[in-house]
Each structure stands twice: as C-alpha cells, then as structure tokens.
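K.L.:
Take this structure, written in structure tokens, and hold onto it; I'll ask about it next.
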Amino acid sequence: MKPANMRSTITILASLAGALAQTSTTTASAPTSTATGSAGPGTTLQDGYYWIRAVEEPNFHFYLQTAPVYEPGTALLESYTTAGQFQVVDGQLVELIDGGLLYANVEEQADASVVKLAVSFNETENAYGTFAFSGDALQWSIPDIERPNLSAWLVCADQQLFINLGAYGYQTPEGCADETVSLEGNGC
Ligand SMILES: *[C@@H]1O[C@H](CO)[C@@H](O)[C@H](O)[C@H]1NC(C)=O
Ligand SMILES: *[C@@H]1O[C@H](CO)[C@@H](O)[C@H](O)[C@H]1NC(C)=O
C-alpha cells in the first residue's frame with residue numbers, strides 16, 4: 001500500500017472509532033437511577049443486562065421496575081430514573097440487584113375467564129411458565145395456555161404490568177393499554 005493510501009485508511013478508522021465512542025457514551029447514559037431502596041447495580045447498564053421498556057403510548061419509554069426499586073414487589077412500568085436491569089436466564093426473567101437476583105413470578109390463571117396475569121418480583125424462582133426474548137421483545141409462554149400473541153402485554157392501573165392472554169390490541173381490558181415490552185441497551 002502506498003503511504004498516501006495508508007494515511008487515508010488510518011484517518012477513516014480514527015473517525016469511525018470516534019463515532020462508536022460517541023454512540024456508546026450516549027447509550028450508556030440513557031436511564032440513570034436515583035435509587036432509594038436497596039442497593040442496585042448503579043446507573044450504568046451491567047454487561048449482559050438490559051433495560052426493558054414499553055414502546056407504545058401512553059407508556060412510551062416507561063421502564064420495568066419495582067417500587068421501592070430493587071425490592072420484591074409488583075412489576076411496574078415507570079420512570080427511566082428508577083429502571084431495573086434484567087436478563088432472561090434458563091426461562092427466568094431476572095433482575096440484577098446488589099448481591100443477587102430477583103425473579104419475575106407470574107400469577108397462575110385461576111380459570112379460563114382470566115384474561116391477564118399479574119407479574120411480581122421475588123427472591124424465589126418462577127414456577128409458572130417460561131420467559132424468553134424474541135428479537136428484542138420479551139415473551140412469556142406456558143404449554144397449558146394457548147396465547148394468540150406471546151409478545152402481548154398490558155399496563156393497567158397504577159402502571160402495573162400484566163401478561164395479556166388475549167390478542168394484542170383486541171378486547172383490551174378496561175383501564176389497561178396494550179404494550180410491546182422491549183429490551184434496550186447492550187446492543188439493543
Ligand atoms: C415473596 O415470597 C414470599 C415467600 O413466598 C411471600 O411471602 C411474599 O409475599 C412474596 N412477595 C411478593 C411481592 O410476591
Ligand atoms: C403481537 O404483539 C405485539 C406487541 O408486543 C404487536 O406489536 C404485534 O403486532 C402483535 N402481533 C399480532 C399478529 O397481533
């Protein structure tokens with residue numbers, strides 16, 4: 001390669017590196033935490049973990065968490081300032097907290113008339129169904145229940161997250177909004 005060509009190659013690589021550094025700085029500083037409960041993983045997304053957020057109004061870019069943050073409790077979609085960090089491991093949706101994990105536990109369907117299932121976080125593993133990521137969408141499934149859409153979620157009163165056992169955007173329960181719940185961060 002001629003010296004002139006080599007110089008231009010280096011210039012391009014340097015500006016590409018600059019662009020990448022710019023991008024990752026912007027991503028990492030998105031949600032910041034002002035935790036008041038137990039200690040959590042901090043304001044920087046830990047390797048292998050994601051923020052999980054809704055992407056439709058009226059909950060656009062509201063983030064999965066508990067209240068108080070990092071404590072066992074109901075799954076909520078709330079402000080980015082208190083967002084939890086999550087991963088799916090062996091079918092469990094886990095939240096990273098200081099010194100351990102919380103697990104998303106799904107309410108059992110009491111009978112066939114129940115159209116939505118509550119989700120809460122606790123120290124014990126979930127024994128009802130399986131979580132997975134499909135692309136960047138969070139899904140839950142169980143062999144006993146035939147769901148028309150594994151990615152259908154609802155956000156209802158007090159910002160509480162539910163699994164929608166019905167179709168997305170069809171016969172939405174009163175007081176609820178249909179939502180897609182997606183990963184963000186670490187490449188998503
Ligand atoms: C967590 O599990 C404990 C023990 O099973 C139970 O007493 C408590 O109510 C659970 N908390 C939540 C938020 O589900
Ligand atoms: C399934 O639900 C998702 C919401 O997560 C929605 O975006 C998608 O359009 C739904 N698919 C069908 C076939 O209704």
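Chain identifiers are assigned as A, B, and so on, following the order in which chains appear in the structure tokens; residues are numbered from 1 within each chain, and ligands are numbered from 1 in order of appearance.
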Show which residues sit within 9 Å of Asn164 of chain A, as a PyMOL selection string. Count only C-alpha atoms, and ignore same-chain residues fewer than 3 positions away.
P.N.:
chain A and resi 115-117+147+149-154+167-168+172+178
K.L.:
Pull N, CA, C and O atoms from the residues just selected and write them as an mmCIF file, in the first residue's frame.
P.N.:
data_model
loop_
_atom_site.group_PDB
_atom_site.id
_atom_site.type_symbol
_atom_site.label_atom_id
_atom_site.label_comp_id
_atom_site.auth_asym_id
_atom_site.auth_seq_id
_atom_site.Cartn_x
_atom_site.Cartn_y
_atom_site.Cartn_z
ATOM 1 N N VAL A 115 -58.178 -13.107 31.816
ATOM 2 C CA VAL A 115 -57.565 -12.695 30.542
ATOM 3 C C VAL A 115 -56.212 -12.021 30.710
ATOM 4 O O VAL A 115 -55.526 -11.733 29.736
ATOM 5 N N LYS A 116 -55.808 -11.778 31.944
ATOM 6 C CA LYS A 116 -54.483 -11.172 32.159
ATOM 7 C C LYS A 116 -53.871 -11.703 33.451
ATOM 8 O O LYS A 116 -54.593 -12.011 34.402
ATOM 9 N N LEU A 117 -52.548 -11.841 33.471
ATOM 10 C CA LEU A 117 -51.851 -12.400 34.627
ATOM 11 C C LEU A 117 -50.872 -11.374 35.191
ATOM 12 O O LEU A 117 -50.071 -10.794 34.446
ATOM 13 N N ARG A 147 -51.846 -18.870 23.778
ATOM 14 C CA ARG A 147 -51.910 -17.404 23.640
ATOM 15 C C ARG A 147 -51.812 -17.032 22.166
ATOM 16 O O ARG A 147 -50.935 -17.532 21.461
ATOM 17 N N ASN A 149 -50.734 -14.309 21.002
ATOM 18 C CA ASN A 149 -49.541 -13.488 20.770
ATOM 19 C C ASN A 149 -48.672 -13.514 22.026
ATOM 20 O O ASN A 149 -49.039 -12.950 23.057
ATOM 21 N N LEU A 150 -47.522 -14.170 21.926
ATOM 22 C CA LEU A 150 -46.653 -14.338 23.099
ATOM 23 C C LEU A 150 -46.006 -13.038 23.538
ATOM 24 O O LEU A 150 -45.452 -12.945 24.627
ATOM 25 N N SER A 151 -46.058 -12.002 22.680
ATOM 26 C CA SER A 151 -45.429 -10.706 22.992
ATOM 27 C C SER A 151 -46.430 -9.671 23.480
ATOM 28 O O SER A 151 -46.106 -8.501 23.546
ATOM 29 N N ALA A 152 -47.667 -10.095 23.798
ATOM 30 C CA ALA A 152 -48.705 -9.124 24.168
ATOM 31 C C ALA A 152 -48.710 -8.871 25.677
ATOM 32 O O ALA A 152 -48.831 -9.809 26.470
ATOM 33 N N TRP A 153 -48.569 -7.607 26.040
ATOM 34 C CA TRP A 153 -48.553 -7.185 27.443
ATOM 35 C C TRP A 153 -49.591 -6.106 27.637
ATOM 36 O O TRP A 153 -50.035 -5.469 26.668
ATOM 37 N N LEU A 154 -49.956 -5.888 28.899
ATOM 38 C CA LEU A 154 -50.871 -4.801 29.242
ATOM 39 C C LEU A 154 -50.252 -4.001 30.369
ATOM 40 O O LEU A 154 -49.576 -4.562 31.242
ATOM 41 N N ALA A 167 -55.500 -11.350 22.414
ATOM 42 C CA ALA A 167 -54.753 -10.836 21.270
ATOM 43 C C ALA A 167 -54.320 -9.396 21.528
ATOM 44 O O ALA A 167 -54.978 -8.659 22.268
ATOM 45 N N TYR A 168 -53.212 -9.015 20.910
ATOM 46 C CA TYR A 168 -52.720 -7.647 21.048
ATOM 47 C C TYR A 168 -53.703 -6.672 20.397
ATOM 48 O O TYR A 168 -54.097 -6.853 19.245
ATOM 49 N N THR A 172 -59.262 -5.076 24.686
ATOM 50 C CA THR A 172 -58.364 -4.639 25.757
ATOM 51 C C THR A 172 -59.162 -4.441 27.048
ATOM 52 O O THR A 172 -60.170 -3.748 27.041
ATOM 53 N N ASP A 178 -52.590 -1.688 25.644
ATOM 54 C CA ASP A 178 -51.765 -2.714 25.005
ATOM 55 C C ASP A 178 -50.346 -2.195 24.842
ATOM 56 O O ASP A 178 -50.137 -1.057 24.440
#
K.L.:
Identify all residues of segment 34-124 of chain A in strand (DSSP E) (DSSP on the backbone) and supply them as a ChimeraX atom specification.
P.N.:
/A:51-54,63-65,73-74,76-78,86-89,92-97,100-106,116-122
K.L.:
Leaving out Gln160 of chain A and any residue of its chain fewer than 2 positions from it, which residues lie within 7 Å of it when counting only C-alpha atoms, given as a ChimeraX atom specification?
P.N.:
/A:75-77,155-158,162
K.L.:
My list of candidates is A:Thr74, A:Asn186, A:Asn105, A:Gln46. Which is closest to Gln92 of chain A when distances are computed with only C-alpha atoms?
P.N.:
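Of A:Thr74, A:Asn186, A:Asn105, A:Gln46, the one nearest Gln92 of chain A, counting only C-alpha atoms, is A:Asn105.
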K.L.:
From the options A:Leu165, A:Ala177, A:Ala137, A:Ala127, which residue's atoms come nearest to ligand 2, counting only C-alpha atoms and all ligand atoms?
P.N.:
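Smallest separation from ligand 2 among the options: A:Ala137.
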K.L.:
As a PyMOL selection string, please: every protein or nucleic acid residue near ligand 1 (cut-off 12 Å, counting only C-alpha atoms and all ligand atoms).
P.N.:
chain A and resi 66-68+70-76+102-107+118-127
